[in-house]
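To start, the structure itself, in structure tokens.
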Amino acid sequence: MFFRSKVAGVGSFLPEKVLTNYDLEKMVDTSHDWILQRTGIERRHVVDENEGTSDLCVRAANNALKDANMTVDQIDLIMVATVTPDYKMPACACLVQAKLGAKNIMAFDINAACSGFIYGLFIADQFIKTGAYKNILVIGAENLTRLLNYKDRDTCILFGDGAGAFILSQTSATDENYLMTAHAHAEGAHAELLWSKGGGTRYPISQQVLDDGSHYMQMKGKEIFKNATRTMATACKEALAAINKTAADIDWIVPHQANLRITEAVANQFDFPMARIVSTVHETGNTSAASIPIAFDMAYKDGRIKRGQLILLTAFGAGLTSGSAILRF
Ligand SMILES: CC(C)(COP(=O)(O)OP(=O)(O)OC[C@H]1O[C@@H](n2cnc3c(N)ncnc32)[C@H](O)[C@@H]1OP(=O)(O)O)[C@@H](O)C(=O)NCCC(=O)NCCS
């Protein structure tokens, strides 16, 4: 018996509070024009003091359940892709399981940074294809603004908070709407290009870590930019080749929302029109693992993405991780 997995439901959630580029002008030496021109970002949503990553997950998950016309007791597994869990332990997914009131099911986190959601889809697809599980909740969620140093203009202008979720469900081997292929990679030798060095077990929290700020996210922006365009373009080619399609067959590309210039550079490599690339970075900033399901949901809810279309997802992130997936929605 063979199975396929299909996207049964999609949902997302952005916190109400908004931080604009003009707000950032009052915090660091930057300007709205600089940020907009270099990144395409105009604003980002930010958690309030009572919200944690698990709360964002629950809001996105409930929206995905509603979209799938399902109840939480039908879910067999919860995965949360995040680098900003509520606590170092236990996993954010366990907190989400409790808050959703889900039954006593497997729940775990995936730490693959901005590629985490694609890692999650890839993993969920394996469980469904083998028949182990029927309905899997894959969430990407981040509370990155709590990991940022608002004195470091290189990083603090880029990121925002939010969550997005897919429900992947088992379908028959003849269903044409399914997750057709998924790919994931890592190049750990470049880990220091984007990391939070302090505050883990290698450099535990200490006065020195706090003084040098190494518990905050640190990034070599130019190198990250180059690697992002290289690896996302390669991952797209890999996914297209795996199902014997070309970019012309794709209705929409939903890339990780890091920077509009990165998206444009990837599009150029395929001669793919920007009009068929979903871009929400102006509204959300970079929400890491949450960015693909948020962008997908926004384009689905406003009518751009439709059922039956062929969609290419691609991501790049700390690790350095990267990945791609193609689904007929
Ligand atoms: C961060 C990023 C926007 C910087 O853009 P850039 O074109 O590389 O800019 P540079 O670093 O060359 O800086 C250009 C100038 O702007 C200045 N600058 C840097 N950050 C600034 C800011 N926030 N506001 C205003 N000026 C800034 C620099 O000091 C530099 O000034 P100088 O020419 O006088 O030395 C860009 O490198 C980038 O997007 N990288 C990828 C980041 C990313 O997506 N990370 C997550 C991946 S998942």
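In the structure tokens, chains take letters A, B, ... by order of appearance, with residues numbered from 1 within each chain and ligands from 1 in the order shown.
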Open item on the list: Hey, which residues sit close to ligand 1? Say within 6 Å, counting only C-alpha atoms and all ligand atoms, and write them as a PyMOL selection string.
Closed with: chain A and resi 30-31+34+38-39+114+153-154+157+221-222+224-225+258-259+316-317
Open item on the list: When you look at Gln74 in chain A with a cut-off of 7 Å (counting only C-alpha atoms), what residues show up, excluding the ones that are within fewer than 3 positions of it in the same chain? I need them as an MDAnalysis selection string.
Closed with: chainID A and resid 70:71 135
Task: Residues within 12 Å of Arg202 in chain A, only C-alpha atoms, excluding chain neighbours under 6 positions, as a ChimeraX atom specification - done: /A:196,209,214-215
Task: Nearest to Gly101 in chain A, chosen from A:Ser115, A:His185, A:Leu121, A:Asn62, with only C-alpha atoms counted in the distances - done: A:Asn62
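Between CA of Gln218 in chain A and CA of Gly188 in chain A there is a distance of 16.0 Å.
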Between range 16-113 of chain A and range 167-183 of chain A, at 8 Å or less, what are the per-residue closest atom pairs and their distances in Å? Count only C-alpha atoms, order by chain and rising residue number, and return it as CSV.
```
residue,atom,partner,partner_atom,distance
A:Ala64,CA,A:Ile167,CA,6.6
A:Leu65,CA,A:Ile167,CA,7.3
A:Ala68,CA,A:Ile167,CA,7.4
```
Task: Distance criterion (only C-alpha atoms): nearest to Cys236 in chain A out of A:Ile262, A:Ala299, A:Ala325, A:Ile105 - done: A:Ala325
Which range 144-176 of chain A residues have any atom within 12 Å of an atom of range 77-86 of chain A, and for each, what is the nearest pair of atoms with distance in Å to one decimal, counting only C-alpha atoms, rows sorted by chain and number, as a tab-separated table?
```
residue	atom	partner	partner_atom	distance
A:Leu144	CA	A:Thr84	CA	6.4
A:Thr145	CA	A:Thr84	CA	9.5
A:Arg146	CA	A:Thr84	CA	8.4
A:Leu147	CA	A:Thr84	CA	7.7
A:Leu148	CA	A:Thr84	CA	11.1
A:Gly160	CA	A:Thr84	CA	11.8
A:Asp161	CA	A:Thr84	CA	10.0
A:Gly162	CA	A:Thr82	CA	10.8
A:Ala163	CA	A:Thr82	CA	9.6
A:Gly164	CA	A:Val80	CA	9.9
A:Ala165	CA	A:Val80	CA	9.0
A:Phe166	CA	A:Met79	CA	10.3
A:Ile167	CA	A:Ile78	CA	9.5
A:Leu168	CA	A:Leu77	CA	10.1
A:Ser169	CA	A:Leu77	CA	10.9
```
Selection export as an mmCIF file, in the first residue's frame, atoms kept: N, CA, C and O atoms:
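That gives us out.cif:
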```
data_model
loop_
_atom_site.group_PDB
_atom_site.id
_atom_site.type_symbol
_atom_site.label_atom_id
_atom_site.label_comp_id
_atom_site.auth_asym_id
_atom_site.auth_seq_id
_atom_site.Cartn_x
_atom_site.Cartn_y
_atom_site.Cartn_z
ATOM 1 N N LEU A 144 11.727 35.871 17.149
ATOM 2 C CA LEU A 144 13.122 36.287 16.951
ATOM 3 C C LEU A 144 13.456 37.629 17.578
ATOM 4 O O LEU A 144 14.613 37.898 17.887
ATOM 5 N N THR A 145 12.448 38.463 17.746
ATOM 6 C CA THR A 145 12.753 39.812 18.245
ATOM 7 C C THR A 145 13.301 39.757 19.670
ATOM 8 O O THR A 145 13.939 40.700 20.116
ATOM 9 N N ARG A 146 13.072 38.616 20.368
ATOM 10 C CA ARG A 146 13.665 38.481 21.702
ATOM 11 C C ARG A 146 15.112 37.984 21.643
ATOM 12 O O ARG A 146 15.769 37.872 22.669
ATOM 13 N N LEU A 147 15.588 37.643 20.429
ATOM 14 C CA LEU A 147 16.965 37.166 20.273
ATOM 15 C C LEU A 147 17.842 38.238 19.633
ATOM 16 O O LEU A 147 18.990 38.008 19.293
ATOM 17 N N LEU A 148 17.266 39.426 19.453
ATOM 18 C CA LEU A 148 17.978 40.485 18.739
ATOM 19 C C LEU A 148 18.570 41.508 19.688
ATOM 20 O O LEU A 148 17.981 41.815 20.734
ATOM 21 N N GLY A 160 11.339 39.608 12.334
ATOM 22 C CA GLY A 160 10.045 39.807 12.982
ATOM 23 C C GLY A 160 9.546 38.489 13.566
ATOM 24 O O GLY A 160 10.211 37.454 13.459
ATOM 25 N N ASP A 161 8.375 38.551 14.167
ATOM 26 C CA ASP A 161 7.789 37.382 14.839
ATOM 27 C C ASP A 161 6.544 36.899 14.090
ATOM 28 O O ASP A 161 5.880 37.681 13.413
ATOM 29 N N GLY A 162 6.196 35.623 14.281
ATOM 30 C CA GLY A 162 4.973 35.100 13.663
ATOM 31 C C GLY A 162 5.002 33.584 13.608
ATOM 32 O O GLY A 162 5.990 32.955 14.011
ATOM 33 N N ALA A 163 3.910 33.017 13.116
ATOM 34 C CA ALA A 163 3.824 31.553 12.982
ATOM 35 C C ALA A 163 2.942 31.191 11.799
ATOM 36 O O ALA A 163 2.011 31.933 11.460
ATOM 37 N N GLY A 164 3.267 30.050 11.192
ATOM 38 C CA GLY A 164 2.434 29.521 10.115
ATOM 39 C C GLY A 164 2.378 28.012 10.236
ATOM 40 O O GLY A 164 3.288 27.401 10.813
ATOM 41 N N ALA A 165 1.310 27.419 9.719
ATOM 42 C CA ALA A 165 1.147 25.966 9.890
ATOM 43 C C ALA A 165 0.496 25.333 8.670
ATOM 44 O O ALA A 165 -0.341 25.949 8.022
ATOM 45 N N PHE A 166 0.929 24.109 8.360
ATOM 46 C CA PHE A 166 0.267 23.255 7.375
ATOM 47 C C PHE A 166 -0.224 22.017 8.123
ATOM 48 O O PHE A 166 0.453 21.560 9.052
ATOM 49 N N ILE A 167 -1.343 21.471 7.685
ATOM 50 C CA ILE A 167 -1.690 20.104 8.083
ATOM 51 C C ILE A 167 -1.443 19.221 6.868
ATOM 52 O O ILE A 167 -2.017 19.459 5.799
ATOM 53 N N LEU A 168 -0.531 18.278 7.028
ATOM 54 C CA LEU A 168 -0.282 17.305 5.958
ATOM 55 C C LEU A 168 -1.098 16.060 6.270
ATOM 56 O O LEU A 168 -1.020 15.526 7.379
ATOM 57 N N SER A 169 -1.863 15.607 5.290
ATOM 58 C CA SER A 169 -2.737 14.448 5.519
ATOM 59 C C SER A 169 -2.478 13.358 4.496
ATOM 60 O O SER A 169 -2.115 13.647 3.347
#
```
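With only C-alpha atoms as the atoms that count, the residue of A:Asp125, A:Ala141, A:His32, A:Gly131 with the shortest distance to Ala112 in chain A is A:Ala141.
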Open item on the list: With distances taken over only C-alpha atoms, which residue among A:Gln97, A:Thr280, A:Asn104, A:Gln269 lies nearest Val138 in chain A?
Closed with: A:Gln97
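Distance check against Tyr300 in chain A using only C-alpha atoms: of A:Met106, A:Asp67, A:Asp33, A:Ala113, the minimum falls on A:Asp67.
Around Val46 in chain A, within 10 Å and counting only C-alpha atoms, the residues found are Leu14, Pro15, Glu16, Lys17, Val18, Leu19, Arg43, Arg44, Asp48, Glu49, Glu51, Asn143, Leu144, Thr145, Arg146, Phe159, Gly160, Asp161, Gly162 and Thr284 of chain A, once anything fewer than 2 positions away on its own chain is removed.
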TODO: Just list the residues in range 75-296 of chain A DSSP gives alpha helix (DSSP H) on the backbone, as a PyMOL selection string.
DONE: chain A and resi 92-100+116-129+153-156+207-212+221-242+260-270+281-284+291-296
TODO: Go through range 189-306 of chain A and collect every residue that DSSP, computed from the backbone, puts in strand (DSSP E or B); the answer should be as a VMD selection string.
DONE: chain A and resid 194 to 195 218 to 219 252 to 255 277 286
Task: Straight-line distance linking CA of Ile205 in chain A with CA of Glu223 in chain A, stated in Å to one decimal - done: 27.7 Å
Task: One-decimal distance in Å that lies between CA of Asp76 in chain A and CA of Pro255 in chain A - done: 27.7 Å
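Compared by their closest atoms to Glu187 in chain A, and using only C-alpha atoms, the residues A:Asn50, A:Asn227, A:Thr263, A:Ser279 rank with A:Asn227 nearest.
Every protein, DNA or RNA residue with an atom at most 7 Å from range 237-240 of chain A, where only C-alpha atoms count and chain neighbours fewer than 2 positions away do not, is listed here: Thr181, Ala182, His183, Ala233, Thr234, Ala235, Ala242, Ile243, Asn244, Lys245, Thr246, Ser324, Ala325 and Ile326 of chain A.
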